[in-house]
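Structure data follow from input-v7.cif (mmCIF, N, CA and C atoms):
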data_query
loop_
_atom_site.label_atom_id
_atom_site.label_comp_id
_atom_site.auth_asym_id
_atom_site.auth_seq_id
_atom_site.Cartn_x
_atom_site.Cartn_y
_atom_site.Cartn_z
N MET A 1195 7.51 15.77 10.86
CA MET A 1195 6.83 14.70 10.15
C MET A 1195 7.46 14.53 8.77
N LEU A 1196 7.55 13.30 8.34
CA LEU A 1196 8.13 12.99 7.04
C LEU A 1196 7.18 13.40 5.93
N ALA A 1197 7.70 14.01 4.90
CA ALA A 1197 6.89 14.44 3.76
C ALA A 1197 6.54 13.23 2.89
N LEU A 1198 5.34 13.28 2.35
CA LEU A 1198 4.90 12.19 1.47
C LEU A 1198 5.84 11.99 0.29
N GLU A 1199 6.42 13.09 -0.20
CA GLU A 1199 7.36 12.99 -1.33
C GLU A 1199 8.56 12.13 -0.96
N GLU A 1200 8.93 12.12 0.31
CA GLU A 1200 10.05 11.29 0.77
C GLU A 1200 9.62 9.85 1.02
N LEU A 1201 8.38 9.69 1.45
CA LEU A 1201 7.87 8.38 1.81
C LEU A 1201 7.62 7.49 0.59
N HIS A 1202 7.10 8.05 -0.48
CA HIS A 1202 6.74 7.25 -1.65
C HIS A 1202 7.93 6.47 -2.22
N PRO A 1203 9.10 7.07 -2.41
CA PRO A 1203 10.23 6.28 -2.93
C PRO A 1203 10.68 5.18 -1.97
N MET A 1204 10.47 5.39 -0.69
CA MET A 1204 10.83 4.35 0.28
C MET A 1204 9.94 3.12 0.10
N PHE A 1205 8.67 3.36 -0.13
CA PHE A 1205 7.77 2.25 -0.38
C PHE A 1205 8.12 1.57 -1.70
N ARG A 1206 8.34 2.35 -2.74
CA ARG A 1206 8.67 1.75 -4.05
C ARG A 1206 9.91 0.87 -3.94
N ALA A 1207 10.89 1.30 -3.17
CA ALA A 1207 12.11 0.52 -3.01
C ALA A 1207 11.88 -0.72 -2.14
N SER A 1208 10.81 -0.73 -1.37
CA SER A 1208 10.53 -1.83 -0.44
C SER A 1208 9.59 -2.88 -1.00
N TRP A 1209 8.85 -2.53 -2.05
CA TRP A 1209 7.91 -3.49 -2.63
C TRP A 1209 8.66 -4.60 -3.35
N GLY A 1210 8.10 -5.78 -3.29
CA GLY A 1210 8.67 -6.92 -4.00
C GLY A 1210 7.63 -8.00 -4.15
N ALA A 1211 8.01 -9.08 -4.79
CA ALA A 1211 7.10 -10.22 -4.93
C ALA A 1211 6.68 -10.74 -3.56
N ASP A 1212 7.57 -10.61 -2.58
CA ASP A 1212 7.28 -11.11 -1.23
C ASP A 1212 6.39 -10.19 -0.42
N THR A 1213 6.06 -9.00 -0.92
CA THR A 1213 5.13 -8.11 -0.24
C THR A 1213 3.82 -7.98 -1.00
N CYS A 1214 3.72 -8.66 -2.13
CA CYS A 1214 2.55 -8.60 -2.99
C CYS A 1214 1.42 -9.48 -2.45
N ASP A 1215 0.19 -9.01 -2.58
CA ASP A 1215 -0.98 -9.82 -2.25
C ASP A 1215 -0.97 -11.06 -3.14
N PRO A 1216 -1.13 -12.25 -2.57
CA PRO A 1216 -1.11 -13.47 -3.39
C PRO A 1216 -2.11 -13.45 -4.54
N HIS A 1217 -3.22 -12.75 -4.38
CA HIS A 1217 -4.22 -12.64 -5.44
C HIS A 1217 -3.64 -11.99 -6.70
N ASP A 1218 -2.67 -11.09 -6.52
CA ASP A 1218 -2.08 -10.36 -7.64
C ASP A 1218 -0.68 -10.83 -8.00
N ALA A 1219 -0.21 -11.90 -7.37
CA ALA A 1219 1.19 -12.32 -7.54
C ALA A 1219 1.54 -12.60 -9.01
N ARG A 1220 0.63 -13.18 -9.76
CA ARG A 1220 0.95 -13.50 -11.16
C ARG A 1220 1.09 -12.24 -12.01
N ASP A 1221 0.51 -11.13 -11.57
CA ASP A 1221 0.59 -9.86 -12.31
C ASP A 1221 1.69 -8.93 -11.81
N TRP A 1222 2.34 -9.30 -10.68
CA TRP A 1222 3.37 -8.43 -10.13
C TRP A 1222 4.67 -8.60 -10.90
N GLY A 1223 5.41 -7.51 -11.05
CA GLY A 1223 6.74 -7.56 -11.64
C GLY A 1223 7.42 -6.21 -11.48
N PRO A 1224 8.71 -6.15 -11.70
CA PRO A 1224 9.45 -4.89 -11.55
C PRO A 1224 8.93 -3.77 -12.45
N GLU A 1225 8.28 -4.14 -13.57
CA GLU A 1225 7.72 -3.11 -14.45
C GLU A 1225 6.45 -2.50 -13.87
N ASN A 1226 5.84 -3.15 -12.89
CA ASN A 1226 4.65 -2.62 -12.20
C ASN A 1226 4.77 -2.96 -10.72
N PRO A 1227 5.73 -2.34 -10.02
CA PRO A 1227 6.01 -2.73 -8.64
C PRO A 1227 4.88 -2.45 -7.65
N ALA A 1228 3.96 -1.54 -7.98
CA ALA A 1228 2.85 -1.23 -7.08
C ALA A 1228 1.74 -2.27 -7.14
N ARG A 1229 1.77 -3.14 -8.14
CA ARG A 1229 0.69 -4.12 -8.33
C ARG A 1229 0.59 -5.04 -7.11
N GLY A 1230 -0.61 -5.11 -6.54
CA GLY A 1230 -0.85 -5.99 -5.41
C GLY A 1230 -0.29 -5.51 -4.09
N GLN A 1231 0.14 -4.26 -4.02
CA GLN A 1231 0.77 -3.74 -2.81
C GLN A 1231 -0.17 -2.83 -1.99
N CYS A 1232 -1.39 -2.59 -2.47
CA CYS A 1232 -2.23 -1.55 -1.86
C CYS A 1232 -2.60 -1.84 -0.42
N GLY A 1233 -3.00 -3.06 -0.10
CA GLY A 1233 -3.45 -3.36 1.26
C GLY A 1233 -2.35 -3.17 2.29
N VAL A 1234 -1.21 -3.80 2.05
CA VAL A 1234 -0.12 -3.70 3.02
C VAL A 1234 0.46 -2.29 3.07
N THR A 1235 0.49 -1.62 1.91
CA THR A 1235 0.99 -0.25 1.88
C THR A 1235 0.09 0.68 2.68
N ALA A 1236 -1.22 0.55 2.50
CA ALA A 1236 -2.16 1.40 3.24
C ALA A 1236 -2.04 1.17 4.74
N LEU A 1237 -1.83 -0.07 5.15
CA LEU A 1237 -1.67 -0.36 6.58
C LEU A 1237 -0.40 0.29 7.14
N VAL A 1238 0.70 0.18 6.41
CA VAL A 1238 1.96 0.77 6.90
C VAL A 1238 1.88 2.30 6.89
N VAL A 1239 1.25 2.88 5.87
CA VAL A 1239 1.05 4.34 5.86
C VAL A 1239 0.24 4.75 7.09
N GLN A 1240 -0.80 3.99 7.40
CA GLN A 1240 -1.60 4.32 8.59
C GLN A 1240 -0.76 4.18 9.85
N ASP A 1241 0.09 3.16 9.93
CA ASP A 1241 0.99 3.01 11.08
C ASP A 1241 1.84 4.26 11.27
N LEU A 1242 2.33 4.80 10.16
CA LEU A 1242 3.26 5.93 10.21
C LEU A 1242 2.58 7.28 10.37
N LEU A 1243 1.45 7.47 9.69
CA LEU A 1243 0.84 8.80 9.61
C LEU A 1243 -0.55 8.90 10.23
N GLY A 1244 -1.13 7.77 10.63
CA GLY A 1244 -2.47 7.78 11.19
C GLY A 1244 -3.51 7.89 10.09
N GLY A 1245 -4.69 8.32 10.48
CA GLY A 1245 -5.77 8.49 9.52
C GLY A 1245 -6.61 7.25 9.37
N GLU A 1246 -7.28 7.16 8.23
CA GLU A 1246 -8.23 6.09 7.98
C GLU A 1246 -7.85 5.27 6.75
N LEU A 1247 -8.27 4.02 6.75
CA LEU A 1247 -8.15 3.16 5.58
C LEU A 1247 -9.41 3.32 4.75
N VAL A 1248 -9.24 3.42 3.44
CA VAL A 1248 -10.37 3.54 2.53
C VAL A 1248 -10.31 2.37 1.56
N LEU A 1249 -11.47 1.76 1.29
CA LEU A 1249 -11.55 0.62 0.40
C LEU A 1249 -12.53 0.90 -0.73
N GLY A 1250 -12.04 0.72 -1.96
CA GLY A 1250 -12.87 0.83 -3.15
C GLY A 1250 -12.88 -0.48 -3.90
N GLU A 1251 -13.66 -0.53 -4.96
CA GLU A 1251 -13.74 -1.71 -5.80
C GLU A 1251 -13.12 -1.40 -7.16
N VAL A 1252 -12.51 -2.41 -7.76
CA VAL A 1252 -11.87 -2.25 -9.07
C VAL A 1252 -12.75 -2.96 -10.11
N PHE A 1253 -13.05 -2.22 -11.17
CA PHE A 1253 -13.88 -2.75 -12.25
C PHE A 1253 -13.15 -2.65 -13.58
N VAL A 1254 -13.44 -3.61 -14.44
CA VAL A 1254 -13.11 -3.54 -15.86
C VAL A 1254 -14.45 -3.65 -16.56
N GLY A 1255 -14.90 -2.55 -17.13
CA GLY A 1255 -16.26 -2.50 -17.67
C GLY A 1255 -17.24 -2.70 -16.54
N ALA A 1256 -18.15 -3.65 -16.71
CA ALA A 1256 -19.15 -3.93 -15.68
C ALA A 1256 -18.71 -5.02 -14.70
N ALA A 1257 -17.54 -5.61 -14.93
CA ALA A 1257 -17.07 -6.73 -14.10
C ALA A 1257 -16.18 -6.24 -12.96
N LYS A 1258 -16.55 -6.61 -11.75
CA LYS A 1258 -15.71 -6.32 -10.59
C LYS A 1258 -14.55 -7.31 -10.58
N VAL A 1259 -13.33 -6.78 -10.56
CA VAL A 1259 -12.14 -7.63 -10.64
C VAL A 1259 -11.29 -7.59 -9.38
N GLY A 1260 -11.66 -6.74 -8.43
CA GLY A 1260 -10.86 -6.69 -7.21
C GLY A 1260 -11.24 -5.53 -6.30
N HIS A 1261 -10.37 -5.32 -5.32
CA HIS A 1261 -10.53 -4.24 -4.34
C HIS A 1261 -9.26 -3.40 -4.33
N HIS A 1262 -9.38 -2.19 -3.81
CA HIS A 1262 -8.23 -1.30 -3.72
C HIS A 1262 -8.29 -0.49 -2.43
N TYR A 1263 -7.18 -0.47 -1.69
CA TYR A 1263 -7.05 0.30 -0.45
C TYR A 1263 -6.18 1.52 -0.66
N TRP A 1264 -6.51 2.59 0.05
CA TRP A 1264 -5.67 3.78 0.14
C TRP A 1264 -5.96 4.45 1.47
N ASN A 1265 -5.40 5.63 1.71
CA ASN A 1265 -5.49 6.28 3.01
C ASN A 1265 -6.14 7.66 2.92
N ARG A 1266 -6.80 8.02 3.99
CA ARG A 1266 -7.23 9.40 4.22
C ARG A 1266 -6.52 9.84 5.50
N LEU A 1267 -5.64 10.81 5.36
CA LEU A 1267 -4.83 11.27 6.48
C LEU A 1267 -5.67 12.09 7.46
N PRO A 1268 -5.17 12.29 8.68
CA PRO A 1268 -5.94 13.06 9.67
C PRO A 1268 -6.33 14.46 9.19
N ASP A 1269 -5.54 15.05 8.28
CA ASP A 1269 -5.88 16.39 7.77
C ASP A 1269 -6.87 16.33 6.60
N GLY A 1270 -7.34 15.13 6.25
CA GLY A 1270 -8.34 14.97 5.20
C GLY A 1270 -7.78 14.64 3.83
N ARG A 1271 -6.46 14.76 3.64
CA ARG A 1271 -5.88 14.44 2.33
C ARG A 1271 -6.02 12.96 2.01
N GLN A 1272 -6.32 12.66 0.75
CA GLN A 1272 -6.35 11.28 0.26
C GLN A 1272 -4.95 10.94 -0.25
N VAL A 1273 -4.42 9.80 0.19
CA VAL A 1273 -3.08 9.37 -0.21
C VAL A 1273 -3.18 7.96 -0.77
N ASP A 1274 -2.74 7.80 -2.00
CA ASP A 1274 -2.76 6.49 -2.65
C ASP A 1274 -1.40 6.27 -3.30
N LEU A 1275 -0.51 5.59 -2.57
CA LEU A 1275 0.84 5.36 -3.07
C LEU A 1275 0.90 4.28 -4.14
N THR A 1276 -0.20 3.55 -4.33
CA THR A 1276 -0.19 2.46 -5.30
C THR A 1276 -1.15 2.71 -6.47
N ALA A 1277 -1.58 3.93 -6.66
CA ALA A 1277 -2.57 4.25 -7.71
C ALA A 1277 -2.05 3.93 -9.11
N ASP A 1278 -0.75 3.95 -9.30
CA ASP A 1278 -0.20 3.73 -10.65
C ASP A 1278 -0.15 2.26 -11.05
N GLN A 1279 -0.66 1.36 -10.22
CA GLN A 1279 -0.65 -0.06 -10.54
C GLN A 1279 -1.69 -0.46 -11.58
N PHE A 1280 -2.69 0.38 -11.80
CA PHE A 1280 -3.83 -0.03 -12.61
C PHE A 1280 -3.59 0.08 -14.10
N ARG A 1281 -4.14 -0.89 -14.81
CA ARG A 1281 -4.10 -0.88 -16.27
C ARG A 1281 -5.13 0.12 -16.77
N PRO A 1282 -5.01 0.56 -18.02
CA PRO A 1282 -5.93 1.60 -18.54
C PRO A 1282 -7.42 1.30 -18.39
N LYS A 1283 -7.83 0.06 -18.51
CA LYS A 1283 -9.26 -0.25 -18.43
C LYS A 1283 -9.75 -0.52 -17.01
N GLU A 1284 -8.83 -0.56 -16.04
CA GLU A 1284 -9.21 -0.79 -14.64
C GLU A 1284 -9.60 0.54 -14.00
N VAL A 1285 -10.75 0.56 -13.36
CA VAL A 1285 -11.28 1.77 -12.74
C VAL A 1285 -11.63 1.48 -11.29
N VAL A 1286 -11.17 2.34 -10.38
CA VAL A 1286 -11.51 2.21 -8.97
C VAL A 1286 -12.79 3.00 -8.72
N VAL A 1287 -13.75 2.34 -8.09
CA VAL A 1287 -15.07 2.92 -7.83
C VAL A 1287 -15.33 2.94 -6.33
N GLY A 1288 -15.97 4.01 -5.88
CA GLY A 1288 -16.37 4.09 -4.48
C GLY A 1288 -15.21 4.44 -3.57
N GLY A 1289 -15.36 4.11 -2.34
CA GLY A 1289 -14.36 4.38 -1.33
C GLY A 1289 -15.01 4.53 0.03
N GLU A 1290 -15.06 3.45 0.78
CA GLU A 1290 -15.66 3.44 2.11
C GLU A 1290 -14.57 3.29 3.16
N VAL A 1291 -14.68 4.07 4.23
CA VAL A 1291 -13.74 3.96 5.34
C VAL A 1291 -13.91 2.59 6.00
N GLN A 1292 -12.78 1.95 6.28
CA GLN A 1292 -12.77 0.63 6.89
C GLN A 1292 -12.20 0.70 8.30
N HIS A 1293 -12.81 -0.02 9.21
CA HIS A 1293 -12.30 -0.13 10.57
C HIS A 1293 -11.16 -1.15 10.57
N ARG A 1294 -10.06 -0.78 11.18
CA ARG A 1294 -8.91 -1.69 11.25
C ARG A 1294 -8.93 -2.40 12.59
N PRO A 1295 -9.02 -3.73 12.57
CA PRO A 1295 -8.95 -4.47 13.83
C PRO A 1295 -7.57 -4.29 14.47
N PRO A 1296 -7.48 -4.43 15.78
CA PRO A 1296 -6.18 -4.28 16.44
C PRO A 1296 -5.21 -5.38 16.04
N GLY A 1297 -3.94 -5.08 16.14
CA GLY A 1297 -2.91 -6.07 15.85
C GLY A 1297 -2.55 -6.14 14.38
N VAL A 1298 -1.79 -7.16 14.04
CA VAL A 1298 -1.37 -7.35 12.65
C VAL A 1298 -2.52 -7.95 11.86
N PRO A 1299 -2.56 -7.71 10.56
CA PRO A 1299 -3.67 -8.24 9.77
C PRO A 1299 -3.64 -9.77 9.71
N ARG A 1300 -4.82 -10.36 9.55
CA ARG A 1300 -4.88 -11.83 9.38
C ARG A 1300 -4.46 -12.19 7.96
N ARG A 1301 -4.94 -11.42 7.01
CA ARG A 1301 -4.63 -11.69 5.60
C ARG A 1301 -3.35 -10.94 5.23
N CYS A 1302 -2.49 -11.56 4.50
CA CYS A 1302 -1.21 -10.96 4.05
C CYS A 1302 -0.35 -10.52 5.24
N ARG A 1303 -0.40 -11.28 6.30
CA ARG A 1303 0.35 -10.94 7.53
C ARG A 1303 1.85 -10.84 7.28
N GLU A 1304 2.41 -11.83 6.59
CA GLU A 1304 3.86 -11.82 6.35
C GLU A 1304 4.26 -10.72 5.37
N GLN A 1305 3.42 -10.46 4.38
CA GLN A 1305 3.69 -9.38 3.43
C GLN A 1305 3.72 -8.04 4.17
N TYR A 1306 2.76 -7.85 5.07
CA TYR A 1306 2.71 -6.61 5.88
C TYR A 1306 3.96 -6.47 6.73
N ARG A 1307 4.30 -7.53 7.44
CA ARG A 1307 5.49 -7.46 8.32
C ARG A 1307 6.76 -7.16 7.51
N THR A 1308 6.90 -7.81 6.37
CA THR A 1308 8.08 -7.59 5.54
C THR A 1308 8.15 -6.16 5.05
N LEU A 1309 7.04 -5.65 4.51
CA LEU A 1309 7.03 -4.26 4.02
C LEU A 1309 7.29 -3.28 5.14
N ARG A 1310 6.65 -3.48 6.27
CA ARG A 1310 6.81 -2.57 7.41
C ARG A 1310 8.28 -2.52 7.86
N LEU A 1311 8.91 -3.67 7.98
CA LEU A 1311 10.31 -3.70 8.39
C LEU A 1311 11.22 -2.99 7.39
N ARG A 1312 10.98 -3.19 6.11
CA ARG A 1312 11.80 -2.53 5.09
C ARG A 1312 11.64 -1.01 5.12
N VAL A 1313 10.41 -0.54 5.22
CA VAL A 1313 10.18 0.90 5.25
C VAL A 1313 10.76 1.50 6.54
N LEU A 1314 10.55 0.84 7.67
CA LEU A 1314 11.10 1.35 8.92
C LEU A 1314 12.63 1.39 8.88
N ALA A 1315 13.26 0.40 8.25
CA ALA A 1315 14.72 0.41 8.12
C ALA A 1315 15.18 1.61 7.30
N GLN A 1316 14.45 1.94 6.25
CA GLN A 1316 14.80 3.11 5.45
C GLN A 1316 14.59 4.40 6.25
N LEU A 1317 13.52 4.46 7.00
CA LEU A 1317 13.27 5.64 7.83
C LEU A 1317 14.35 5.80 8.89
N ASP A 1318 14.79 4.68 9.44
CA ASP A 1318 15.88 4.71 10.42
C ASP A 1318 17.17 5.22 9.77
N GLY A 1319 17.41 4.80 8.54
CA GLY A 1319 18.58 5.27 7.81
C GLY A 1319 18.54 6.76 7.55
N VAL A 1320 17.34 7.28 7.25
CA VAL A 1320 17.18 8.73 7.03
C VAL A 1320 17.42 9.47 8.34
N ALA A 1321 16.87 8.92 9.43
CA ALA A 1321 17.00 9.58 10.73
C ALA A 1321 18.46 9.64 11.18
N THR A 1322 19.25 8.62 10.82
CA THR A 1322 20.64 8.60 11.24
C THR A 1322 21.58 9.15 10.18
N GLY A 1323 21.00 9.53 9.02
CA GLY A 1323 21.82 10.09 7.96
C GLY A 1323 22.55 9.06 7.12
N CYS A 1324 22.13 7.80 7.24
CA CYS A 1324 22.80 6.70 6.52
C CYS A 1324 21.83 6.03 5.58
N ARG A 1325 21.29 6.74 4.67
CA ARG A 1325 20.30 6.19 3.72
C ARG A 1325 20.95 5.12 2.85
N GLU A 1326 20.31 3.93 2.82
CA GLU A 1326 20.82 2.85 1.98
C GLU A 1326 20.44 3.11 0.52
N ARG A 1327 21.24 2.65 -0.38
CA ARG A 1327 20.97 2.79 -1.81
C ARG A 1327 20.88 1.42 -2.43
#
Take the structure I supplied and represent it as structure tokens, if you would.
Amino acid sequence: MLALEELHPMFRASWGADTCDPHDARDWGPENPARGQCGVTALVVQDLLGGELVLGEVFVGAAKVGHHYWNRLPDGRQVDLTADQFRPKEVVVGGEVQHRPPGVPRRCREQYRTLRLRVLAQLDGVATGCRER
């Protein structure tokens, strides 16, 4: 099994404006590449490692400003590859396991497909010893 330490840089290299949730597109940039990537990233992590999707809410003070997805792996570890996207005043609250419907997601479908293909291409490069740079 691939170590999480190896997987995280593959995701970081695969994120882009075209994989960002449209809700966060105006805030996405190379200086904060994880911004708006949580949903599609959590889905691809689940594709690769299994486990559960977890959904929390993002608050600034008392105002709810969004949602945040991460993973709970089959061994119980919590994995959040996009945790560093948040600004200092943004706080993630809660965390409920979400049921994933079968098939590709309805929302952010193209972003998911794009991210999944990029990460799988990197994994294929690692498997064949031809890691792209």
Those of chain A in DSSP strand (DSSP E or B), formatted as JSON, numbers by chain:
{"A": [1223, 1226, 1246, 1247, 1248, 1249, 1250, 1251, 1252, 1253, 1254, 1257, 1258, 1259, 1260, 1261, 1262, 1263, 1264, 1265, 1266, 1272, 1273, 1284, 1285, 1286, 1287, 1288, 1289, 1290, 1291, 1292]}
Enumerate, as an NGL selection string, the residues matched when the PyMOL selection byres ((chain A and resi 1290) around 6.5) is run on the file above.
:A and (1247-1250 or 1288-1289 or 1291-1292)
Pick from A:Val1234, A:Thr1276, A:Gly1244, A:Val1287 nearest to Val1259 in chain A, counting only C-alpha atoms
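Under the stated criterion, the closest residue is A:Val1287.
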Looking only at alpha helix (DSSP H) from DSSP on the backbone, list the matching residues of chain A as a ChimeraX atom specification.
/A:1198-1208,1232-1243,1303-1322
Can I get the residues of range 1270-1320 of chain A within 8 Å of range 1196-1206 of chain A, each with the closest pair of atoms and their distance in Å to one decimal, using only N, CA and C atoms, sorted chain first then ascending number, as JSON lines?
{"residue": "A:Leu1275", "atom": "CA", "partner": "A:His1202", "partner_atom": "CA", "distance": 6.4}
{"residue": "A:Leu1309", "atom": "C", "partner": "A:Phe1205", "partner_atom": "CA", "distance": 7.8}
{"residue": "A:Arg1312", "atom": "C", "partner": "A:Met1204", "partner_atom": "C", "distance": 6.7}
{"residue": "A:Val1313", "atom": "CA", "partner": "A:Met1204", "partner_atom": "C", "distance": 5.6}
{"residue": "A:Leu1314", "atom": "N", "partner": "A:Met1204", "partner_atom": "C", "distance": 7.9}
{"residue": "A:Gln1316", "atom": "CA", "partner": "A:Met1204", "partner_atom": "CA", "distance": 6.6}
{"residue": "A:Leu1317", "atom": "N", "partner": "A:Met1204", "partner_atom": "CA", "distance": 7.2}
Go ahead and save the residues from that selection, with N, CA and C atoms, as a PDB file, in the frame of the given file.
ATOM      1  N   LEU A1275      -0.510   5.590  -2.570  1.00  0.00           N
ATOM      2  CA  LEU A1275       0.840   5.360  -3.070  1.00  0.00           C
ATOM      3  C   LEU A1275       0.900   4.280  -4.140  1.00  0.00           C
ATOM      4  N   LEU A1309       7.040  -5.650   4.510  1.00  0.00           N
ATOM      5  CA  LEU A1309       7.030  -4.260   4.020  1.00  0.00           C
ATOM      6  C   LEU A1309       7.290  -3.280   5.140  1.00  0.00           C
ATOM      7  N   ARG A1312      10.980  -3.190   6.110  1.00  0.00           N
ATOM      8  CA  ARG A1312      11.800  -2.530   5.090  1.00  0.00           C
ATOM      9  C   ARG A1312      11.640  -1.010   5.120  1.00  0.00           C
ATOM     10  N   VAL A1313      10.410  -0.540   5.220  1.00  0.00           N
ATOM     11  CA  VAL A1313      10.180   0.900   5.250  1.00  0.00           C
ATOM     12  C   VAL A1313      10.760   1.500   6.540  1.00  0.00           C
ATOM     13  N   LEU A1314      10.550   0.840   7.670  1.00  0.00           N
ATOM     14  CA  LEU A1314      11.100   1.350   8.920  1.00  0.00           C
ATOM     15  C   LEU A1314      12.630   1.390   8.880  1.00  0.00           C
ATOM     16  N   GLN A1316      14.450   1.940   6.250  1.00  0.00           N
ATOM     17  CA  GLN A1316      14.800   3.110   5.450  1.00  0.00           C
ATOM     18  C   GLN A1316      14.590   4.400   6.250  1.00  0.00           C
ATOM     19  N   LEU A1317      13.520   4.460   7.000  1.00  0.00           N
ATOM     20  CA  LEU A1317      13.270   5.640   7.830  1.00  0.00           C
ATOM     21  C   LEU A1317      14.350   5.800   8.890  1.00  0.00           C
TER      22      LEU A1317
END
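With only N, CA and C atoms as the atoms that count, the residue of A:Gly1319, A:Gly1223, A:Ala1236, A:Cys1214 with the shortest distance to Val1273 in chain A is A:Ala1236.
Closest approach to Pro1216 in chain A among A:Cys1302, A:Val1239, A:Leu1311, A:Val1320: A:Cys1302, based on only N, CA and C atoms.
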Which distance in Å separates atom C of Glu1304 in chain A and atom C of Ser1208 in chain A, to one decimal?
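One can read the atom C of Glu1304 in chain A to atom C of Ser1208 in chain A distance as 11.4 Å.
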Give me, please, the distance in Å between atom C of Trp1264 in chain A and atom C of Cys1232 in chain A, quoted to one decimal.
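Distance reported for this atom pair: 7.4 Å.
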Output check: residues returned by the PyMOL selection byres (((chain A and resi 1224 and name CA) around 12) and name CA), as a short mmCIF file (atom, residue, chain, number, x, y, z; two decimals) with N, CA and C atoms, keeping the file's coordinate frame:
data_model
loop_
_atom_site.label_atom_id
_atom_site.label_comp_id
_atom_site.auth_asym_id
_atom_site.auth_seq_id
_atom_site.Cartn_x
_atom_site.Cartn_y
_atom_site.Cartn_z
N ARG A 1206 8.34 2.35 -2.74
CA ARG A 1206 8.67 1.75 -4.05
C ARG A 1206 9.91 0.87 -3.94
N ALA A 1207 10.89 1.30 -3.17
CA ALA A 1207 12.11 0.52 -3.01
C ALA A 1207 11.88 -0.72 -2.14
N SER A 1208 10.81 -0.73 -1.37
CA SER A 1208 10.53 -1.83 -0.44
C SER A 1208 9.59 -2.88 -1.00
N TRP A 1209 8.85 -2.53 -2.05
CA TRP A 1209 7.91 -3.49 -2.63
C TRP A 1209 8.66 -4.60 -3.35
N GLY A 1210 8.10 -5.78 -3.29
CA GLY A 1210 8.67 -6.92 -4.00
C GLY A 1210 7.63 -8.00 -4.15
N ALA A 1211 8.01 -9.08 -4.79
CA ALA A 1211 7.10 -10.22 -4.93
C ALA A 1211 6.68 -10.74 -3.56
N CYS A 1214 3.72 -8.66 -2.13
CA CYS A 1214 2.55 -8.60 -2.99
C CYS A 1214 1.42 -9.48 -2.45
N ALA A 1219 -0.21 -11.90 -7.37
CA ALA A 1219 1.19 -12.32 -7.54
C ALA A 1219 1.54 -12.60 -9.01
N ASP A 1221 0.51 -11.13 -11.57
CA ASP A 1221 0.59 -9.86 -12.31
C ASP A 1221 1.69 -8.93 -11.81
N TRP A 1222 2.34 -9.30 -10.68
CA TRP A 1222 3.37 -8.43 -10.13
C TRP A 1222 4.67 -8.60 -10.90
N GLY A 1223 5.41 -7.51 -11.05
CA GLY A 1223 6.74 -7.56 -11.64
C GLY A 1223 7.42 -6.21 -11.48
N GLU A 1225 8.28 -4.14 -13.57
CA GLU A 1225 7.72 -3.11 -14.45
C GLU A 1225 6.45 -2.50 -13.87
N ASN A 1226 5.84 -3.15 -12.89
CA ASN A 1226 4.65 -2.62 -12.20
C ASN A 1226 4.77 -2.96 -10.72
N PRO A 1227 5.73 -2.34 -10.02
CA PRO A 1227 6.01 -2.73 -8.64
C PRO A 1227 4.88 -2.45 -7.65
N ALA A 1228 3.96 -1.54 -7.98
CA ALA A 1228 2.85 -1.23 -7.08
C ALA A 1228 1.74 -2.27 -7.14
N ARG A 1229 1.77 -3.14 -8.14
CA ARG A 1229 0.69 -4.12 -8.33
C ARG A 1229 0.59 -5.04 -7.11
N GLN A 1279 -0.66 1.36 -10.22
CA GLN A 1279 -0.65 -0.06 -10.54
C GLN A 1279 -1.69 -0.46 -11.58
#
